[in-house]
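Participant: Below is coords-v4.cif; it holds mmCIF, C-alpha atoms.
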data_target
loop_
_atom_site.label_atom_id
_atom_site.label_comp_id
_atom_site.auth_asym_id
_atom_site.auth_seq_id
_atom_site.Cartn_x
_atom_site.Cartn_y
_atom_site.Cartn_z
CA MET A 833 13.30 22.81 10.52
CA PRO A 834 12.05 21.57 13.92
CA LEU A 835 8.30 21.11 14.21
CA LYS A 836 6.22 23.33 16.46
CA ASP A 837 4.60 21.52 19.40
CA THR A 838 1.10 22.08 18.04
CA SER A 839 2.14 20.73 14.63
CA ARG A 840 3.69 17.67 16.25
CA ALA A 841 0.49 16.84 18.12
CA ALA A 842 -1.57 17.42 14.98
CA ILE A 843 0.65 15.23 12.79
CA LYS A 844 0.68 12.46 15.39
CA ASP A 845 -3.11 12.47 15.56
CA LEU A 846 -3.37 12.33 11.75
CA LEU A 847 -0.81 9.52 11.45
CA PHE A 848 -2.46 7.40 14.15
CA ARG A 849 -5.87 7.73 12.44
CA MET A 850 -4.42 6.65 9.11
CA ALA A 851 -2.17 3.89 10.45
CA ASP A 852 -4.83 2.40 12.74
CA ASP A 853 -7.38 2.37 9.90
CA CYS A 854 -4.91 0.49 7.68
CA LEU A 855 -3.89 -1.96 10.42
CA ILE A 856 -7.44 -2.90 11.40
CA LEU A 857 -8.82 -3.04 7.86
CA GLY A 858 -5.75 -5.04 6.83
CA HIS A 859 -6.68 -7.64 9.42
CA ARG A 860 -10.33 -7.63 8.39
CA ASN A 861 -9.37 -8.07 4.73
CA SER A 862 -7.05 -10.93 5.64
CA GLU A 863 -10.06 -12.83 7.02
CA TRP A 864 -10.91 -13.70 3.40
CA VAL A 865 -7.77 -15.79 3.01
CA GLY A 866 -8.92 -19.30 2.15
CA ILE A 867 -12.64 -18.50 2.02
CA GLY A 868 -13.00 -15.96 -0.82
CA PRO A 869 -16.01 -16.49 -3.11
CA VAL A 870 -13.66 -17.27 -6.01
CA LEU A 871 -9.91 -17.93 -5.96
CA GLU A 872 -9.04 -14.59 -7.60
CA GLU A 873 -10.95 -12.70 -4.91
CA ASP A 874 -9.26 -14.68 -2.18
CA ILE A 875 -5.91 -13.56 -3.64
CA ALA A 876 -7.10 -10.00 -4.23
CA PHE A 877 -8.22 -9.47 -0.64
CA ALA A 878 -5.04 -11.13 0.64
CA SER A 879 -2.91 -8.77 -1.51
CA ILE A 880 -4.90 -5.73 -0.45
CA ALA A 881 -4.52 -6.83 3.18
CA GLN A 882 -0.76 -7.10 2.72
CA ASP A 883 -0.65 -3.61 1.20
CA LYS A 884 -2.72 -2.20 4.09
CA LEU A 885 -0.40 -3.72 6.69
CA GLY A 886 2.55 -2.31 4.73
CA HIS A 887 0.95 1.13 4.77
CA ALA A 888 0.28 0.85 8.52
CA LEU A 889 3.90 -0.20 9.10
CA SER A 890 5.26 2.72 7.06
CA LEU A 891 3.04 5.19 8.94
CA TYR A 892 4.00 3.76 12.36
CA ASN A 893 7.64 3.98 11.25
CA ILE A 894 7.23 7.73 10.65
CA LEU A 895 5.77 8.07 14.16
CA HIS A 896 8.75 6.16 15.54
CA GLU A 897 11.54 7.76 13.51
CA HIS A 898 10.37 11.36 13.41
CA LEU A 899 7.98 11.85 16.33
CA GLY A 900 9.45 9.94 19.25
CA GLU A 901 6.84 7.18 19.47
CA PRO A 902 7.76 3.54 20.24
CA ASP A 903 8.52 1.13 17.39
CA ALA A 904 5.87 -0.19 15.00
CA ASP A 905 5.33 -3.55 16.75
CA THR A 906 4.75 -1.86 20.08
CA LEU A 907 2.35 0.64 18.51
CA ALA A 908 0.43 -2.08 16.69
CA PHE A 909 0.25 -4.69 19.43
CA MET A 910 0.73 -3.04 22.82
CA ARG A 911 -1.62 -0.07 22.91
CA PRO A 912 -4.91 -0.25 24.81
CA GLU A 913 -8.11 0.04 22.78
CA GLY A 914 -8.77 3.62 23.93
CA GLN A 915 -5.57 4.81 22.24
CA PHE A 916 -6.63 3.49 18.83
CA LYS A 917 -7.89 6.21 16.48
CA CYS A 918 -9.49 4.05 13.77
CA CYS A 919 -12.99 4.75 12.49
CA HIS A 920 -15.87 2.32 13.11
CA LEU A 921 -16.05 1.37 9.42
CA VAL A 922 -12.87 -0.71 9.61
CA GLU A 923 -13.87 -2.42 12.87
CA ILE A 924 -17.07 -4.20 11.92
CA PRO A 925 -16.72 -7.93 11.28
CA THR A 926 -16.29 -9.04 7.70
CA GLN A 927 -19.61 -10.95 7.55
CA GLU A 928 -20.69 -11.36 3.93
CA TYR A 929 -18.87 -10.50 0.73
CA ASP A 930 -21.30 -7.66 -0.12
CA ILE A 931 -20.42 -5.83 3.10
CA ALA A 932 -16.69 -6.43 2.58
CA LEU A 933 -16.84 -5.13 -0.97
CA VAL A 934 -18.84 -2.00 -0.17
CA ARG A 935 -16.54 -1.22 2.75
CA HIS A 936 -13.53 -1.73 0.48
CA PHE A 937 -15.01 0.70 -2.08
CA LEU A 938 -15.97 3.40 0.45
CA PHE A 939 -12.74 3.21 2.44
CA ASP A 940 -10.23 2.87 -0.38
CA THR A 941 -11.75 5.72 -2.40
CA ALA A 942 -11.24 7.96 0.64
CA ASP A 943 -7.80 6.52 1.36
CA ARG A 944 -6.58 7.09 -2.19
CA LEU A 945 -7.81 10.69 -2.18
CA ARG A 946 -6.24 11.30 1.23
CA PHE A 947 -2.83 10.12 0.03
CA GLU A 948 -3.21 12.18 -3.16
CA MET A 949 -3.84 15.26 -1.01
CA LEU A 950 -0.84 14.44 1.17
CA VAL A 951 1.57 14.33 -1.78
CA GLY A 952 2.04 18.08 -1.29
CA SER A 953 2.19 17.98 2.52
CA SER A 954 4.68 20.30 4.22
CA PHE A 955 5.61 17.36 6.48
CA GLU A 956 8.12 15.82 4.11
CA PRO A 957 8.27 12.22 5.46
CA LEU A 958 4.51 11.91 4.95
CA ALA A 959 4.63 13.58 1.52
CA GLN A 960 7.31 11.09 0.39
CA LEU A 961 5.31 8.11 1.62
CA ALA A 962 2.14 9.47 -0.02
CA ARG A 963 3.92 9.67 -3.39
CA LYS A 964 4.76 5.99 -3.03
CA ILE A 965 1.45 4.73 -1.69
CA LYS A 966 -0.87 6.48 -4.12
CA GLY A 967 0.44 4.29 -6.95
CA GLU A 968 -0.34 1.15 -4.95
CA ILE A 969 -3.83 2.20 -3.91
CA THR A 970 -4.77 2.75 -7.56
CA TYR A 971 -5.02 -1.05 -7.74
CA HIS A 972 -7.33 -1.16 -4.72
CA THR A 973 -9.81 1.34 -6.12
CA MET A 974 -9.56 -0.25 -9.58
CA HIS A 975 -10.58 -3.56 -8.01
CA ALA A 976 -13.34 -2.05 -5.86
CA ASN A 977 -14.85 -0.05 -8.72
CA ALA A 978 -14.87 -3.00 -11.11
CA PHE A 979 -16.60 -5.38 -8.69
CA LEU A 980 -19.03 -2.79 -7.38
CA ARG A 981 -20.20 -2.09 -10.95
CA GLN A 982 -20.36 -5.76 -11.95
CA LEU A 983 -22.24 -7.02 -8.93
CA SER A 984 -24.65 -4.12 -8.72
CA ARG A 985 -25.61 -4.60 -12.37
CA GLY A 986 -26.01 -8.37 -11.97
CA SER A 987 -29.22 -10.10 -10.94
CA GLU A 988 -32.01 -8.39 -9.01
CA GLU A 989 -30.84 -10.13 -5.85
CA ALA A 990 -27.25 -8.97 -6.39
CA HIS A 991 -28.36 -5.38 -6.81
CA PHE A 992 -30.61 -5.59 -3.76
CA ARG A 993 -27.80 -6.98 -1.63
CA MET A 994 -25.31 -4.35 -2.78
CA GLN A 995 -27.79 -1.55 -2.05
CA SER A 996 -28.61 -3.04 1.38
CA ALA A 997 -24.91 -3.33 2.21
CA LEU A 998 -24.40 0.30 1.16
CA ASN A 999 -27.31 1.42 3.36
CA GLU A 1000 -25.82 -0.42 6.32
CA VAL A 1001 -22.21 0.66 5.92
CA TYR A 1002 -22.57 4.23 4.67
CA PRO A 1003 -23.06 5.94 8.08
CA LEU A 1004 -19.91 4.16 9.29
CA ALA A 1005 -18.01 5.43 6.25
CA LEU A 1006 -19.04 8.99 7.07
CA GLY A 1007 -17.16 8.47 10.34
CA ILE A 1008 -13.89 8.38 8.35
CA PHE A 1009 -14.15 12.17 8.20
CA GLU A 1010 -14.80 12.84 11.89
CA PRO A 1011 -12.99 16.17 12.35
CA SER A 1012 -10.05 16.33 14.72
CA GLU A 1013 -9.25 19.14 17.14
CA PHE A 1014 -6.29 19.95 14.89
CA GLU A 1015 -8.07 20.70 11.60
CA GLU A 1016 -7.06 24.36 11.68
CA VAL A 1017 -3.40 23.70 12.50
CA LEU A 1018 -3.13 21.01 9.84
CA ALA A 1019 -4.53 23.32 7.16
CA GLN A 1020 -2.62 26.42 8.25
CA GLU A 1021 0.71 24.63 8.38
CA GLY A 1022 0.12 23.03 4.98
CA ILE A 1023 0.24 19.52 6.49
CA PHE A 1024 -3.20 18.31 5.37
CA ALA A 1025 -6.10 20.25 3.85
CA GLY A 1026 -8.58 18.61 6.22
CA GLU A 1027 -11.35 16.05 6.62
CA ALA A 1028 -14.12 18.28 5.21
CA PRO A 1029 -12.40 18.93 1.84
CA LEU A 1030 -11.54 15.23 1.70
CA GLU A 1031 -15.18 14.23 2.26
CA LYS A 1032 -16.26 16.59 -0.52
CA ARG A 1033 -13.79 15.07 -2.99
CA TRP A 1034 -14.84 11.59 -1.87
CA LEU A 1035 -18.49 12.25 -2.71
CA GLU A 1036 -17.59 13.82 -6.06
CA THR A 1037 -15.36 10.86 -6.96
CA MET A 1038 -17.94 8.23 -5.99
CA THR A 1039 -20.98 9.83 -7.62
CA PRO A 1040 -20.36 8.71 -11.23
CA ILE A 1041 -19.36 5.19 -10.13
CA LEU A 1042 -22.45 4.81 -7.95
CA GLU A 1043 -24.58 6.07 -10.83
CA GLN A 1044 -23.10 3.47 -13.18
CA ALA A 1045 -23.77 0.83 -10.54
CA GLY A 1046 -27.34 2.07 -10.05
CA LEU A 1047 -26.77 2.55 -6.33
CA THR A 1048 -27.94 5.47 -4.21
CA ILE A 1049 -26.56 6.88 -1.00
CA SER A 1050 -28.67 8.32 1.76
CA THR A 1051 -28.56 12.08 2.08
CA ILE A 1052 -29.81 11.97 5.66
CA ALA A 1053 -27.42 9.33 7.04
CA GLU A 1054 -25.74 10.33 10.28
CA ALA A 1055 -22.02 9.72 10.65
CA ALA A 1056 -20.91 7.12 13.21
CA LEU A 1057 -18.51 9.21 15.29
CA GLY A 1058 -16.18 8.50 18.18
CA GLY A 1059 -13.55 6.22 16.65
CA ARG A 1060 -11.11 9.08 16.09
CA LYS A 1061 -11.36 9.94 19.79
CA GLY A 1062 -10.82 6.40 21.05
CA TYR A 1063 -14.45 5.32 21.45
CA HIS A 1064 -14.97 2.10 19.53
CA THR A 1065 -17.57 -0.50 18.60
CA GLU A 1066 -17.70 -3.74 20.59
CA HIS A 1067 -15.92 -5.43 17.67
CA LEU A 1068 -12.51 -3.80 18.09
CA SER A 1069 -11.51 -5.25 21.44
CA PRO A 1070 -11.78 -8.97 20.45
CA LEU A 1071 -9.88 -8.20 17.22
CA LEU A 1072 -7.02 -6.49 19.10
CA GLU A 1073 -6.89 -9.42 21.48
CA GLU A 1074 -6.63 -11.88 18.61
CA MET A 1075 -4.04 -9.77 16.77
CA SER A 1076 -1.75 -9.46 19.79
CA GLU A 1077 -2.14 -13.01 21.10
CA VAL A 1078 1.32 -14.22 20.06
CA PHE A 1079 2.98 -10.95 21.02
CA ALA A 1080 1.35 -11.09 24.47
CA VAL A 1081 2.59 -14.63 25.10
CA ASP A 1082 6.12 -13.99 23.83
CA PRO A 1083 7.10 -10.45 22.75
CA THR A 1084 10.43 -11.72 21.40
CA ALA A 1085 8.93 -14.49 19.25
CA GLU A 1086 10.29 -14.66 15.71
CA TRP A 1087 8.69 -16.48 12.81
CA MET B 1399 38.45 13.97 -13.40
CA ILE B 1400 37.12 10.86 -11.72
CA THR B 1401 37.76 10.78 -7.99
CA GLN B 1402 38.81 7.76 -6.02
CA ASN B 1403 35.38 7.77 -4.32
CA GLU B 1404 33.63 7.61 -7.68
CA VAL B 1405 35.72 4.62 -8.68
CA GLN B 1406 34.67 2.93 -5.44
CA GLU B 1407 31.03 3.80 -6.04
CA ALA B 1408 31.17 2.28 -9.51
CA ALA B 1409 32.64 -0.86 -7.94
CA ILE B 1410 29.70 -1.05 -5.54
CA TRP B 1411 27.17 -0.69 -8.37
CA GLN B 1412 28.98 -3.51 -10.15
CA ALA B 1413 28.98 -5.70 -7.03
CA LEU B 1414 25.26 -5.13 -6.45
CA HIS B 1415 24.58 -6.92 -9.73
CA ASP B 1416 25.40 -10.07 -7.72
CA VAL B 1417 22.51 -9.45 -5.31
CA ALA B 1418 19.38 -11.13 -6.63
CA ASP B 1419 15.70 -10.40 -6.24
CA PRO B 1420 14.53 -13.21 -3.92
CA GLU B 1421 11.50 -14.00 -6.13
CA ILE B 1422 13.24 -13.89 -9.52
CA PRO B 1423 16.85 -14.96 -8.88
CA ARG B 1424 18.12 -13.98 -12.34
CA LEU B 1425 17.07 -10.38 -11.72
CA SER B 1426 19.53 -8.24 -9.72
CA VAL B 1427 18.47 -5.51 -7.32
CA VAL B 1428 20.16 -3.02 -9.67
CA ASP B 1429 18.13 -4.12 -12.70
CA LEU B 1430 14.99 -4.21 -10.56
CA GLY B 1431 15.62 -0.52 -9.92
CA VAL B 1432 15.45 -0.53 -6.13
CA ILE B 1433 18.94 0.91 -5.55
CA THR B 1434 18.56 4.68 -5.58
CA HIS B 1435 21.87 5.98 -4.28
CA VAL B 1436 25.44 4.78 -3.70
CA MET B 1437 28.01 6.95 -1.97
CA VAL B 1438 31.50 6.50 -0.58
CA ASP B 1439 32.70 9.31 1.70
CA ASP B 1440 36.20 10.49 2.59
CA GLN B 1441 36.27 8.23 5.66
CA ASN B 1442 35.86 5.31 3.22
CA LYS B 1443 32.34 4.60 4.48
CA ALA B 1444 29.91 3.11 1.94
CA SER B 1445 26.27 4.25 2.06
CA ILE B 1446 23.68 2.55 -0.07
CA THR B 1447 20.07 3.73 -0.28
CA MET B 1448 17.32 1.43 -1.49
CA THR B 1449 13.55 1.67 -1.81
CA PRO B 1450 10.90 -1.10 -1.82
CA THR B 1451 8.86 -1.98 -4.93
CA PHE B 1452 5.77 -2.03 -2.70
CA SER B 1453 5.64 -0.45 0.75
CA GLY B 1454 4.32 -3.76 2.13
CA CYS B 1455 7.04 -5.83 0.44
CA PRO B 1456 8.02 -8.57 2.93
CA ALA B 1457 11.37 -9.13 1.18
CA ILE B 1458 12.81 -5.69 1.84
CA HIS B 1459 14.84 -6.65 4.94
CA TYR B 1460 16.06 -9.79 3.25
CA MET B 1461 17.35 -7.69 0.34
CA GLN B 1462 18.79 -5.10 2.72
CA ASP B 1463 20.78 -7.81 4.54
CA ALA B 1464 21.95 -9.38 1.26
CA ILE B 1465 23.20 -6.00 0.01
CA ARG B 1466 24.99 -5.30 3.29
CA GLU B 1467 26.61 -8.72 3.21
CA ARG B 1468 27.80 -8.31 -0.40
CA VAL B 1469 29.33 -4.87 0.16
CA ALA B 1470 30.84 -5.91 3.51
CA SER B 1471 33.20 -8.19 1.54
CA MET B 1472 34.69 -5.06 -0.07
CA PRO B 1473 37.39 -2.89 1.59
CA PHE B 1474 35.25 -0.22 3.25
CA SER B 1475 35.54 1.05 6.82
CA GLU B 1476 31.78 0.80 7.30
CA VAL B 1477 28.71 -0.20 5.27
CA GLU B 1478 25.30 1.37 5.74
CA VAL B 1479 22.18 0.27 3.84
CA LYS B 1480 19.19 2.59 4.27
CA VAL B 1481 15.59 2.07 3.16
CA SER B 1482 14.01 5.33 2.02
CA PHE B 1483 10.94 6.60 0.18
CA GLU B 1484 12.74 9.77 -0.90
CA GLU B 1485 13.02 8.47 -4.43
CA PRO B 1486 10.12 6.00 -4.62
CA TRP B 1487 10.17 2.97 -6.91
CA ASN B 1488 7.90 2.76 -9.90
CA SER B 1489 7.91 0.11 -12.61
CA ASN B 1490 9.68 2.38 -15.13
CA LYS B 1491 12.78 1.97 -12.95
CA ILE B 1492 13.30 -1.61 -14.14
CA SER B 1493 16.28 -1.52 -16.54
CA GLU B 1494 16.14 -2.69 -20.16
CA ARG B 1495 18.21 -5.70 -19.18
CA GLY B 1496 15.82 -6.32 -16.28
CA ARG B 1497 12.87 -6.25 -18.68
CA ALA B 1498 14.61 -8.76 -20.95
CA ILE B 1499 15.32 -11.05 -17.96
CA LEU B 1500 11.67 -10.85 -16.87
CA HIS B 1501 10.57 -11.83 -20.35
CA GLU B 1502 13.02 -14.73 -20.50
CA SER B 1503 11.82 -15.88 -17.06
CA GLY B 1504 8.24 -16.13 -18.33
CA PHE B 1505 6.90 -12.84 -16.99
CA ALA B 1506 5.42 -10.09 -19.13
CA PRO B 1507 7.44 -6.96 -18.32
CA PRO B 1508 5.40 -3.94 -17.17
CA PRO B 1509 4.44 -1.52 -19.94
CA LYS B 1510 6.11 1.90 -19.63
CA HIS B 1511 3.71 4.48 -18.20
CA ASP B 1512 3.63 8.24 -17.78
CA GLY B 1513 2.68 8.35 -14.12
CA TYR B 1514 -0.88 7.09 -14.36
CA ILE B 1515 -2.13 3.51 -14.65
CA GLU B 1516 -5.53 2.59 -16.08
CA LEU B 1517 -7.25 -0.76 -16.17
CA SER B 1518 -6.91 -0.86 -19.97
CA VAL B 1519 -3.11 -1.07 -19.58
CA LEU B 1520 -3.56 -4.35 -17.72
CA GLU B 1521 -6.00 -5.72 -20.24
CA ASP B 1522 -3.66 -5.56 -23.23
CA VAL B 1523 -0.64 -7.59 -22.18
CA PRO B 1524 1.27 -9.62 -24.80
CA CYS B 1525 1.81 -13.26 -23.86
CA PRO B 1526 5.48 -13.84 -22.89
CA TYR B 1527 5.34 -17.35 -24.40
CA CYS B 1528 3.79 -16.84 -27.86
CA GLY B 1529 3.61 -13.04 -28.20
CA SER B 1530 -0.14 -12.96 -28.87
CA HIS B 1531 -2.15 -9.95 -27.74
CA ASN B 1532 -5.25 -12.13 -27.49
CA THR B 1533 -4.97 -12.34 -23.70
CA THR B 1534 -7.38 -11.85 -20.80
CA LEU B 1535 -6.69 -10.24 -17.42
CA GLN B 1536 -7.64 -12.81 -14.76
CA SER B 1537 -6.80 -10.70 -11.73
CA PRO B 1538 -4.77 -7.56 -11.05
CA PHE B 1539 -3.55 -9.36 -7.90
CA GLY B 1540 -1.17 -12.31 -8.17
CA PRO B 1541 1.05 -14.53 -6.03
CA THR B 1542 3.10 -11.53 -4.92
CA LEU B 1543 2.19 -7.85 -4.65
CA CYS B 1544 4.11 -7.00 -7.83
CA ARG B 1545 2.46 -9.53 -10.16
CA SER B 1546 -0.91 -9.81 -11.95
CA ILE B 1547 -2.45 -12.95 -13.48
CA HIS B 1548 -3.36 -13.29 -17.18
CA TYR B 1549 -4.47 -15.96 -19.60
CA CYS B 1550 -3.39 -16.32 -23.23
CA ASN B 1551 -6.30 -17.35 -25.47
CA ALA B 1552 -3.92 -18.16 -28.35
CA CYS B 1553 -1.64 -20.69 -26.63
CA SER B 1554 -3.96 -21.57 -23.72
CA GLN B 1555 -1.34 -20.68 -21.16
CA ALA B 1556 -1.76 -18.80 -17.90
CA PHE B 1557 1.00 -16.29 -17.30
CA GLU B 1558 1.98 -13.50 -14.94
CA GLN B 1559 2.88 -9.90 -15.54
CA PHE B 1560 5.25 -7.86 -13.43
CA LYS B 1561 2.64 -5.17 -13.04
CA PRO B 1562 2.99 -1.50 -13.82
CA VAL B 1563 3.07 0.79 -10.78
CA ALA B 1564 3.02 4.57 -11.04
#
Take the structure I supplied and represent it as structure tokens, if you would.
Facilitator:
Amino acid sequence: MPLKDTSRAAIKDLLFRMADDCLILGHRNSEWVGIGPVLEEDIAFASIAQDKLGHALSLYNILHEHLGEPDADTLAFMRPEGQFKCCHLVEIPTQEYDIALVRHFLFDTADRLRFEMLVGSSFEPLAQLARKIKGEITYHTMHANAFLRQLSRGSEEAHFRMQSALNEVYPLALGIFEPSEFEEVLAQEGIFAGEAPLEKRWLETMTPILEQAGLTISTIAEAALGGRKGYHTEHLSPLLEEMSEVFAVDPTAEW
Amino acid sequence: MITQNEVQEAAIWQALHDVADPEIPRLSVVDLGVITHVMVDDQNKASITMTPTFSGCPAIHYMQDAIRERVASMPFSEVEVKVSFEEPWNSNKISERGRAILHESGFAPPPKHDGYIELSVLEDVPCPYCGSHNTTLQSPFGPTLCRSIHYCNACSQAFEQFKPVA
């Protein structure tokens, strides 16, 4: 059945948000290669980065094969910053391990729930991919939950640093759920239940884990908005430049 | 009655046993469980559908090319190898022979699951060298996306598991 024009626009917007989040966070996660606090964490973040880039690739492929967009390389490396729909959470530099870990926990919990919701999507290519990806993300949340609990229940300093990182990153994480102009269409057409229901499930899922970790989230934090509409932090532009450096010099390069 | 096309399809399945997983060369793509569909149509065109173990698997195009090359040596008018998520891979798709080959190659085969993986599944993995269950999970992430790292306390040997994926 051919898609209605409004559905097409809505699905494209949703796919770009998801794919751009995965692409940018994949690159941020990859920054741990070679400098992880312990070897296992170096490997874990590298593997998670590889998964994220795979998820971005699969989502860009749907845009290319079903929705008339250019191929994945062009979408990843040739678009101007203003066309990126990622949230601010994935853009901020990796900095310290506490920030990286808290971001990993907040993002991947949401990402897993989003893919779980999309398993029943009426847009079949996305539903198929969601059935595949949700099994992979289980490992990401498993890893995030285990380390969040361990570190937060460690020394006083460890707990303090985890709580501080959570305070800093939480408003950015709320920006994951910045509503789109297509929320109604997505829900009505059975494509995706929406950002608000996702945010609700996210909070419910995190509550027991945060309790076990002895961490609290602010109830008055204000979401960092704009990313979904193409307005980004100052950190995205240098990252895009770095990512597309080789492609810009020689678009036909193979390695 | 078996049609001519079905005979051809069976021949393709047989031939695909020659195509190896690039990481574990004794394991064929058939035993790995990544071949989901084989069809020969009335124009004598062969269509093979495969699916990656992990969506970010960097070896998928390598395997796709190897499959195309193997089937191209057979008498078909055309060979098409598609990658699809229609029937996604999970670790239960590894054949019994594939599990035996993993074990012989020094990998713990993934435990069978019923669609949901918990951390406890990864924590009780028998050592492929000495069989002891006195093992420790070192990391759910290993040298490739599909492997986890473990340590056997009985024979003091690090080993890898081909990890369960739902």
Participant: From the options A:Lys844, A:Lys884, A:His920, A:Arg911, which residue's atoms come nearest to Arg1060 (chain A), counting only C-alpha atoms?
Facilitator: A:His920
Participant: Counting only C-alpha atoms, which residues of chain B come no farther than 8 Å from chain A, as a PDB file with C-alpha atoms, keeping the file's coordinate frame?
Facilitator:
ATOM      1  CA  PHE B1452       5.770  -2.030  -2.700  1.00  0.00           C
ATOM      2  CA  SER B1453       5.640  -0.450   0.750  1.00  0.00           C
ATOM      3  CA  GLY B1454       4.320  -3.760   2.130  1.00  0.00           C
ATOM      4  CA  CYS B1455       7.040  -5.830   0.440  1.00  0.00           C
ATOM      5  CA  PHE B1483      10.940   6.600   0.180  1.00  0.00           C
ATOM      6  CA  GLU B1484      12.740   9.770  -0.900  1.00  0.00           C
ATOM      7  CA  GLU B1485      13.020   8.470  -4.430  1.00  0.00           C
ATOM      8  CA  PRO B1486      10.120   6.000  -4.620  1.00  0.00           C
ATOM      9  CA  TRP B1487      10.170   2.970  -6.910  1.00  0.00           C
ATOM     10  CA  ILE B1515      -2.130   3.510 -14.650  1.00  0.00           C
ATOM     11  CA  LEU B1517      -7.250  -0.760 -16.170  1.00  0.00           C
ATOM     12  CA  GLN B1536      -7.640 -12.810 -14.760  1.00  0.00           C
ATOM     13  CA  SER B1537      -6.800 -10.700 -11.730  1.00  0.00           C
ATOM     14  CA  PRO B1538      -4.770  -7.560 -11.050  1.00  0.00           C
ATOM     15  CA  PHE B1539      -3.550  -9.360  -7.900  1.00  0.00           C
ATOM     16  CA  GLY B1540      -1.170 -12.310  -8.170  1.00  0.00           C
ATOM     17  CA  PRO B1541       1.050 -14.530  -6.030  1.00  0.00           C
ATOM     18  CA  THR B1542       3.100 -11.530  -4.920  1.00  0.00           C
ATOM     19  CA  LEU B1543       2.190  -7.850  -4.650  1.00  0.00           C
ATOM     20  CA  VAL B1563       3.070   0.790 -10.780  1.00  0.00           C
ATOM     21  CA  ALA B1564       3.020   4.570 -11.040  1.00  0.00           C
TER      22      ALA B1564
END
Participant: Starting from the displayed file, determine the output of the PyMOL selection byres ((chain B and resi 1531) around 10) and express the residue list as a CSV table (one decimal) with C-alpha atoms, in the frame of the given file.
Facilitator:
chain,number,residue,atom,x,y,z
B,1521,GLU,CA,-6.0,-5.7,-20.2
B,1522,ASP,CA,-3.7,-5.6,-23.2
B,1523,VAL,CA,-0.6,-7.6,-22.2
B,1524,PRO,CA,1.3,-9.6,-24.8
B,1525,CYS,CA,1.8,-13.3,-23.9
B,1526,PRO,CA,5.5,-13.8,-22.9
B,1528,CYS,CA,3.8,-16.8,-27.9
B,1529,GLY,CA,3.6,-13.0,-28.2
B,1530,SER,CA,-0.1,-13.0,-28.9
B,1532,ASN,CA,-5.2,-12.1,-27.5
B,1533,THR,CA,-5.0,-12.3,-23.7
B,1534,THR,CA,-7.4,-11.8,-20.8
B,1550,CYS,CA,-3.4,-16.3,-23.2
B,1551,ASN,CA,-6.3,-17.4,-25.5
B,1552,ALA,CA,-3.9,-18.2,-28.4
Participant: Applying the PyMOL selection byres ((chain A and resi 990-1007) around 10) to the file I just gave you, which residues come out? Please list them as an MDAnalysis selection string.
Facilitator: chainID A and resid 918:924 928:935 937:939 942 980:989 1008:1011 1031 1045:1050 1052:1060
Participant: Limited to C-alpha atoms, could you put the picked residues into a file as a tab-separated table (two decimals), in the coordinates of the input?
Facilitator:
chain	number	residue	atom	x	y	z
A	918	CYS	CA	-9.49	4.05	13.77
A	919	CYS	CA	-12.99	4.75	12.49
A	920	HIS	CA	-15.87	2.32	13.11
A	921	LEU	CA	-16.05	1.37	9.42
A	922	VAL	CA	-12.87	-0.71	9.61
A	923	GLU	CA	-13.87	-2.42	12.87
A	924	ILE	CA	-17.07	-4.20	11.92
A	928	GLU	CA	-20.69	-11.36	3.93
A	929	TYR	CA	-18.87	-10.50	0.73
A	930	ASP	CA	-21.30	-7.66	-0.12
A	931	ILE	CA	-20.42	-5.83	3.10
A	932	ALA	CA	-16.69	-6.43	2.58
A	933	LEU	CA	-16.84	-5.13	-0.97
A	934	VAL	CA	-18.84	-2.00	-0.17
A	935	ARG	CA	-16.54	-1.22	2.75
A	937	PHE	CA	-15.01	0.70	-2.08
A	938	LEU	CA	-15.97	3.40	0.45
A	939	PHE	CA	-12.74	3.21	2.44
A	942	ALA	CA	-11.24	7.96	0.64
A	980	LEU	CA	-19.03	-2.79	-7.38
A	981	ARG	CA	-20.20	-2.09	-10.95
A	982	GLN	CA	-20.36	-5.76	-11.95
A	983	LEU	CA	-22.24	-7.02	-8.93
A	984	SER	CA	-24.65	-4.12	-8.72
A	985	ARG	CA	-25.61	-4.60	-12.37
A	986	GLY	CA	-26.01	-8.37	-11.97
A	987	SER	CA	-29.22	-10.10	-10.94
A	988	GLU	CA	-32.01	-8.39	-9.01
A	989	GLU	CA	-30.84	-10.13	-5.85
A	1008	ILE	CA	-13.89	8.38	8.35
A	1009	PHE	CA	-14.15	12.17	8.20
A	1010	GLU	CA	-14.80	12.84	11.89
A	1011	PRO	CA	-12.99	16.17	12.35
A	1031	GLU	CA	-15.18	14.23	2.26
A	1045	ALA	CA	-23.77	0.83	-10.54
A	1046	GLY	CA	-27.34	2.07	-10.05
A	1047	LEU	CA	-26.77	2.55	-6.33
A	1048	THR	CA	-27.94	5.47	-4.21
A	1049	ILE	CA	-26.56	6.88	-1.00
A	1050	SER	CA	-28.67	8.32	1.76
A	1052	ILE	CA	-29.81	11.97	5.66
A	1053	ALA	CA	-27.42	9.33	7.04
A	1054	GLU	CA	-25.74	10.33	10.28
A	1055	ALA	CA	-22.02	9.72	10.65
A	1056	ALA	CA	-20.91	7.12	13.21
A	1057	LEU	CA	-18.51	9.21	15.29
A	1058	GLY	CA	-16.18	8.50	18.18
A	1059	GLY	CA	-13.55	6.22	16.65
A	1060	ARG	CA	-11.11	9.08	16.09
Participant: Apply the PyMOL selection byres ((chain B and resi 1460) around 12) to the file shown and report the selected residues as number ranges by chain.
Facilitator: B: 1417-1421, 1427, 1450, 1455-1459, 1461-1467, 1479, 1481
